[in-house]
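Heads up, the thing below is written out as structure tokens.
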Amino acid sequence: MAELIVALDVNNREEAVQKVKAIGETVDFYKIGLELFTAEGPDVVKAVKDLGKRVFLDLKFHDIPRTVERSVRSGGKLGVDLMTIHSVGGKAMIKAAADAAAEFGPNGPKILAVTVLTSLDQSDLEDVGIKGRTPAEQVEAMARFAIENGANGLVCSPKEVGNLSKILKPGTLFITPGVRPAGAAVGDQKRVATPADAVRDGSTHLVVGRPILAAEDPVAAAKAIRAEMNV
Ligand code: C5P
């Protein structure tokens with residue numbers, strides 16, 4: 001059964017708590033990203049957890065293995081459920097993240113790898129020395145690499161998940177942003193899919209921000225998305 005995660009893209013802790021309370025029991029999983037975490041630190045994670053919610057801490061670690069290992073351990077101590085790393089950090093870094101997460105047992109954090117940022121196109125990849133592969137080929141190669149080295153899942157676009165879910169081992173988690181209910185405003189997202197499409201293609205977790213946070217009635221918006229996901 002796919003899960004709905006709301007991207008808590010707000011300015012500060014007060015706003016975060018207010019949004020989580022307003023959405024209430026319809027959603028029990030929230031993504032805290034770099035912007036909110038940099039502003040408020042671990043306190044905002046604790047505040048969301050104190051409201052009984054699960055947390056996806058999306059800080060996209062990319063550093064030497066020891067630093068990533070210790071940062072994942074800090075996330076585990078905070079009780080977060082999902083954390084992100086960049087797969088280009090290399091084998092030892094991915095393994096270090098996976099090992100640190102595993103110390104917390106089956107209910108500890110799961111490690112998700114970012115393959116290629118969706119903001120990068122072919123010429124951006126060439127600028128950083130990745131030549132001879134299209135972005136799609138690079139996504140597939142990095143996805144295999146991350147999962148082989150211990151990542152539990154991937155952050156991927158709804159356009160990639162159909163292919164990746166076929167070629168990677170069962171049980172791999174697929175977290176997809178860029179989800180828009182039929183008829184909703186797309187905003188700055190370029191390649192979107194509906195909740196039903198994303199789930200049908202193999203997404204295990206959908207990340208949705210503005211269609212819920214900016215809705216006049218966030219509870220109704222979240223319920224409509226859950227209905228489209230058929231959960
Ligand atoms: O408001 P919206 O539904 O577009 O929010 C999507 C969330 O997923 C945002 O927090 C955004 O940063 C994140 N995200 C994304 N596309 C990616 C990776 C992350 O939209 N490729």
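Each chain of the structure tokens is named A, B, ... in the order shown, its residues numbered from 1; ligands are numbered from 1 in display order.
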
Contacts of range 15-28 of chain A within 7 Å, only C-alpha atoms, excl. fewer than 5 positions in-chain, as a PyMOL selection string: chain A and resi 8+10+47-48+53-54+218-219+222-223

Could you list, with a cut-off of 9 Å and counting only C-alpha atoms and all ligand atoms, the residues of chain A near ligand 1, each shown with its nearest atom pair and the distance in Å rounded to one decimal, rows sorted by chain and ascending number, as JSON lines?
```
{"residue": "A:Val6", "atom": "CA", "partner": "ligand 1", "partner_atom_place_in_ligand_line": "3 (O)", "distance": 8.0}
{"residue": "A:Ala7", "atom": "CA", "partner": "ligand 1", "partner_atom_place_in_ligand_line": "10 (O)", "distance": 4.9}
{"residue": "A:Leu8", "atom": "CA", "partner": "ligand 1", "partner_atom_place_in_ligand_line": "10 (O)", "distance": 7.0}
{"residue": "A:Asp9", "atom": "CA", "partner": "ligand 1", "partner_atom_place_in_ligand_line": "10 (O)", "distance": 5.9}
{"residue": "A:Lys31", "atom": "CA", "partner": "ligand 1", "partner_atom_place_in_ligand_line": "10 (O)", "distance": 7.3}
{"residue": "A:Ile32", "atom": "CA", "partner": "ligand 1", "partner_atom_place_in_ligand_line": "10 (O)", "distance": 7.9}
{"residue": "A:Gly33", "atom": "CA", "partner": "ligand 1", "partner_atom_place_in_ligand_line": "10 (O)", "distance": 6.6}
{"residue": "A:Leu34", "atom": "CA", "partner": "ligand 1", "partner_atom_place_in_ligand_line": "12 (O)", "distance": 8.9}
{"residue": "A:Asp58", "atom": "CA", "partner": "ligand 1", "partner_atom_place_in_ligand_line": "10 (O)", "distance": 8.6}
{"residue": "A:Val114", "atom": "CA", "partner": "ligand 1", "partner_atom_place_in_ligand_line": "18 (C)", "distance": 8.3}
{"residue": "A:Val116", "atom": "CA", "partner": "ligand 1", "partner_atom_place_in_ligand_line": "21 (N)", "distance": 8.4}
{"residue": "A:Leu117", "atom": "CA", "partner": "ligand 1", "partner_atom_place_in_ligand_line": "21 (N)", "distance": 5.8}
{"residue": "A:Thr118", "atom": "CA", "partner": "ligand 1", "partner_atom_place_in_ligand_line": "21 (N)", "distance": 4.7}
{"residue": "A:Ser119", "atom": "CA", "partner": "ligand 1", "partner_atom_place_in_ligand_line": "21 (N)", "distance": 7.1}
{"residue": "A:Val155", "atom": "CA", "partner": "ligand 1", "partner_atom_place_in_ligand_line": "18 (C)", "distance": 7.0}
{"residue": "A:Cys156", "atom": "CA", "partner": "ligand 1", "partner_atom_place_in_ligand_line": "21 (N)", "distance": 6.6}
{"residue": "A:Ser157", "atom": "CA", "partner": "ligand 1", "partner_atom_place_in_ligand_line": "21 (N)", "distance": 6.1}
{"residue": "A:Thr176", "atom": "CA", "partner": "ligand 1", "partner_atom_place_in_ligand_line": "17 (C)", "distance": 7.7}
{"residue": "A:Pro177", "atom": "CA", "partner": "ligand 1", "partner_atom_place_in_ligand_line": "8 (O)", "distance": 4.6}
{"residue": "A:Gly178", "atom": "CA", "partner": "ligand 1", "partner_atom_place_in_ligand_line": "20 (O)", "distance": 5.2}
{"residue": "A:Val179", "atom": "CA", "partner": "ligand 1", "partner_atom_place_in_ligand_line": "3 (O)", "distance": 6.2}
{"residue": "A:Arg180", "atom": "CA", "partner": "ligand 1", "partner_atom_place_in_ligand_line": "3 (O)", "distance": 7.1}
{"residue": "A:Val186", "atom": "CA", "partner": "ligand 1", "partner_atom_place_in_ligand_line": "4 (O)", "distance": 7.6}
{"residue": "A:Gly187", "atom": "CA", "partner": "ligand 1", "partner_atom_place_in_ligand_line": "4 (O)", "distance": 6.9}
{"residue": "A:Asp188", "atom": "CA", "partner": "ligand 1", "partner_atom_place_in_ligand_line": "4 (O)", "distance": 7.1}
{"residue": "A:Gln189", "atom": "CA", "partner": "ligand 1", "partner_atom_place_in_ligand_line": "4 (O)", "distance": 6.0}
{"residue": "A:Val207", "atom": "CA", "partner": "ligand 1", "partner_atom_place_in_ligand_line": "8 (O)", "distance": 5.8}
{"residue": "A:Val208", "atom": "CA", "partner": "ligand 1", "partner_atom_place_in_ligand_line": "3 (O)", "distance": 3.9}
{"residue": "A:Gly209", "atom": "CA", "partner": "ligand 1", "partner_atom_place_in_ligand_line": "1 (O)", "distance": 3.4}
{"residue": "A:Arg210", "atom": "CA", "partner": "ligand 1", "partner_atom_place_in_ligand_line": "1 (O)", "distance": 3.7}
{"residue": "A:Pro211", "atom": "CA", "partner": "ligand 1", "partner_atom_place_in_ligand_line": "3 (O)", "distance": 6.1}
{"residue": "A:Ile212", "atom": "CA", "partner": "ligand 1", "partner_atom_place_in_ligand_line": "3 (O)", "distance": 7.9}
{"residue": "A:Leu213", "atom": "CA", "partner": "ligand 1", "partner_atom_place_in_ligand_line": "1 (O)", "distance": 7.9}
{"residue": "A:Ala214", "atom": "CA", "partner": "ligand 1", "partner_atom_place_in_ligand_line": "1 (O)", "distance": 8.6}
```

Using N, CA, C and O atoms, can you write the selected residues to a file as a compact mmCIF listing (two decimals), in the first residue's frame?
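The resulting file, selection24.txt, is reproduced below:
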```txt
# COMPACT_ATOMS: atom_id res chain seq x y z
N VAL A 6 3.57 14.38 3.11
CA VAL A 6 3.40 15.80 2.77
C VAL A 6 4.73 16.53 2.96
O VAL A 6 5.36 16.42 4.02
N ALA A 7 5.16 17.24 1.91
CA ALA A 7 6.41 18.03 1.98
C ALA A 7 6.11 19.28 2.80
O ALA A 7 5.33 20.15 2.38
N LEU A 8 6.73 19.36 3.96
CA LEU A 8 6.48 20.48 4.87
C LEU A 8 7.36 21.66 4.49
O LEU A 8 8.29 22.04 5.21
N ASP A 9 7.08 22.21 3.32
CA ASP A 9 7.88 23.32 2.79
C ASP A 9 7.33 24.63 3.32
O ASP A 9 6.62 25.36 2.62
N LYS A 31 7.66 15.34 5.20
CA LYS A 31 9.05 15.52 4.75
C LYS A 31 9.57 16.87 5.24
O LYS A 31 8.94 17.91 4.99
N ILE A 32 10.70 16.82 5.93
CA ILE A 32 11.38 18.05 6.35
C ILE A 32 12.65 18.16 5.50
O ILE A 32 13.49 17.25 5.51
N GLY A 33 12.78 19.25 4.77
CA GLY A 33 13.90 19.40 3.84
C GLY A 33 14.93 20.38 4.35
O GLY A 33 14.86 20.90 5.47
N LEU A 34 15.90 20.66 3.50
CA LEU A 34 17.04 21.50 3.85
C LEU A 34 16.64 22.88 4.37
O LEU A 34 17.23 23.38 5.32
N ASP A 58 14.95 15.00 4.62
CA ASP A 58 15.50 15.04 3.26
C ASP A 58 16.65 16.04 3.19
O ASP A 58 16.48 17.17 2.73
N VAL A 114 19.44 9.56 -3.99
CA VAL A 114 19.11 10.43 -5.12
C VAL A 114 20.03 9.98 -6.25
O VAL A 114 21.23 9.80 -6.04
N VAL A 116 20.03 11.25 -10.06
CA VAL A 116 20.40 12.48 -10.76
C VAL A 116 19.33 13.51 -10.40
O VAL A 116 18.14 13.22 -10.54
N LEU A 117 19.75 14.66 -9.94
CA LEU A 117 18.76 15.70 -9.62
C LEU A 117 17.92 16.00 -10.87
O LEU A 117 18.48 16.11 -11.97
N THR A 118 16.62 16.14 -10.70
CA THR A 118 15.78 16.38 -11.88
C THR A 118 16.02 17.76 -12.48
O THR A 118 15.56 18.04 -13.58
N SER A 119 16.76 18.60 -11.77
CA SER A 119 17.08 19.92 -12.32
C SER A 119 18.24 19.87 -13.32
O SER A 119 18.54 20.87 -13.96
N VAL A 155 14.87 8.10 -4.51
CA VAL A 155 13.97 9.20 -4.82
C VAL A 155 13.97 9.31 -6.33
O VAL A 155 15.04 9.40 -6.94
N CYS A 156 12.82 9.23 -6.96
CA CYS A 156 12.82 9.30 -8.42
C CYS A 156 11.57 9.99 -8.94
O CYS A 156 10.58 10.12 -8.22
N SER A 157 11.66 10.44 -10.18
CA SER A 157 10.52 11.13 -10.76
C SER A 157 9.46 10.09 -11.15
O SER A 157 9.79 8.93 -11.38
N THR A 176 8.35 9.24 -4.82
CA THR A 176 8.20 10.12 -6.00
C THR A 176 7.54 11.45 -5.65
O THR A 176 6.38 11.49 -5.24
N PRO A 177 8.31 12.55 -5.83
CA PRO A 177 7.68 13.88 -5.85
C PRO A 177 7.15 14.15 -7.26
O PRO A 177 7.21 13.27 -8.13
N GLY A 178 6.63 15.35 -7.46
CA GLY A 178 6.13 15.70 -8.80
C GLY A 178 4.78 15.07 -9.05
O GLY A 178 4.42 14.75 -10.18
N VAL A 179 4.01 14.91 -7.98
CA VAL A 179 2.68 14.29 -8.11
C VAL A 179 1.62 15.39 -8.06
O VAL A 179 1.68 16.26 -7.20
N ARG A 180 0.71 15.35 -9.00
CA ARG A 180 -0.36 16.33 -9.04
C ARG A 180 -1.68 15.63 -9.32
O ARG A 180 -1.79 14.89 -10.30
N VAL A 186 0.20 22.92 -11.55
CA VAL A 186 1.46 22.19 -11.67
C VAL A 186 2.60 22.95 -10.97
O VAL A 186 3.55 22.35 -10.48
N GLY A 187 2.48 24.30 -10.89
CA GLY A 187 3.54 25.10 -10.29
C GLY A 187 4.80 25.01 -11.13
O GLY A 187 4.73 25.02 -12.37
N ASP A 188 5.97 24.87 -10.48
CA ASP A 188 7.22 24.81 -11.24
C ASP A 188 7.60 23.38 -11.61
O ASP A 188 8.68 23.14 -12.16
N GLN A 189 6.77 22.41 -11.30
CA GLN A 189 7.09 21.02 -11.67
C GLN A 189 6.90 20.86 -13.18
O GLN A 189 5.92 21.35 -13.74
N VAL A 207 5.34 12.03 -2.53
CA VAL A 207 5.62 13.27 -1.80
C VAL A 207 4.83 14.40 -2.47
O VAL A 207 5.03 14.68 -3.65
N VAL A 208 3.95 15.00 -1.71
CA VAL A 208 3.10 16.06 -2.25
C VAL A 208 3.18 17.27 -1.33
O VAL A 208 3.01 17.13 -0.12
N GLY A 209 3.47 18.43 -1.91
CA GLY A 209 3.56 19.64 -1.11
C GLY A 209 2.41 20.58 -1.37
O GLY A 209 1.34 20.50 -0.75
N ARG A 210 2.62 21.48 -2.33
CA ARG A 210 1.67 22.58 -2.55
C ARG A 210 0.22 22.17 -2.78
O ARG A 210 -0.68 22.87 -2.29
N PRO A 211 -0.04 21.08 -3.52
CA PRO A 211 -1.47 20.73 -3.72
C PRO A 211 -2.21 20.51 -2.39
O PRO A 211 -3.44 20.66 -2.35
N ILE A 212 -1.47 20.22 -1.31
CA ILE A 212 -2.12 20.06 0.00
C ILE A 212 -1.91 21.32 0.85
O ILE A 212 -2.88 21.92 1.35
N LEU A 213 -0.67 21.76 0.96
CA LEU A 213 -0.37 22.90 1.85
C LEU A 213 -1.07 24.18 1.42
O LEU A 213 -1.49 24.98 2.25
N ALA A 214 -1.16 24.39 0.10
CA ALA A 214 -1.73 25.64 -0.38
C ALA A 214 -3.23 25.53 -0.66
O ALA A 214 -3.85 26.49 -1.11
```

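For range 131-142 of chain A, the non-local neighbours within 8 Å, defined as residues at least 4 positions apart in the same chain or in other chains and counting only C-alpha atoms, are Ser87, Val88, Thr115, Val116, Leu120, Asp121, Gln122, Leu125, Glu126, Ala146, Glu160 and Leu164 of chain A.
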
Please extract the residues of chain A with a backbone DSSP assignment of strand (DSSP E or B) and present them as an MDAnalysis selection string. chainID A and resid 3:7 29:33 54:61 82:86 110:114 153:155 173:176 179 193 205:208

Could you tell me which of A:Phe145, A:Val161, A:Asp197, A:Asp217 comes closest to His86 in chain A if we count only C-alpha atoms?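 So, comparing all the options, the nearest one is A:Phe145.
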
Select, from A:Met1, A:Ala215, A:Val199, A:Ala92, the residue with the minimum atom-to-atom distance to Val68 in chain A, counting only C-alpha atoms.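 The shortest atom-to-atom distance to Val68 in chain A comes from A:Ala92.
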
Please extract the residues of range 114-200 of chain A with a backbone DSSP assignment of helix (DSSP H, G or I) and present them as a PyMOL selection string. chain A and resi 122-127+135-148+158-167+195-200

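Closest approach to Asn163 in chain A among A:Ala198, A:Ile130, A:Ala224, A:Ile85 is made by A:Ala198 (distances from only C-alpha atoms).
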
What separation in Å, quoted to one decimal, exists between CA of Phe37 in chain A and CA of Phe61 in chain A? 13.2 Å

Nearest to Ala113 in chain A among A:Lys46, A:His62, A:Lys77, A:Arg191, with distances taken over only C-alpha atoms: which residue is it?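 Between A:Lys46, A:His62, A:Lys77, A:Arg191, the residue approaching Ala113 in chain A most closely is A:His62.
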
For Leu206 in chain A, work out the shell of residues within 6 Å, counting only C-alpha atoms and skipping chain neighbours fewer than 2 positions away, then give it as a PyMOL selection string. chain A and resi 4-5+175-176
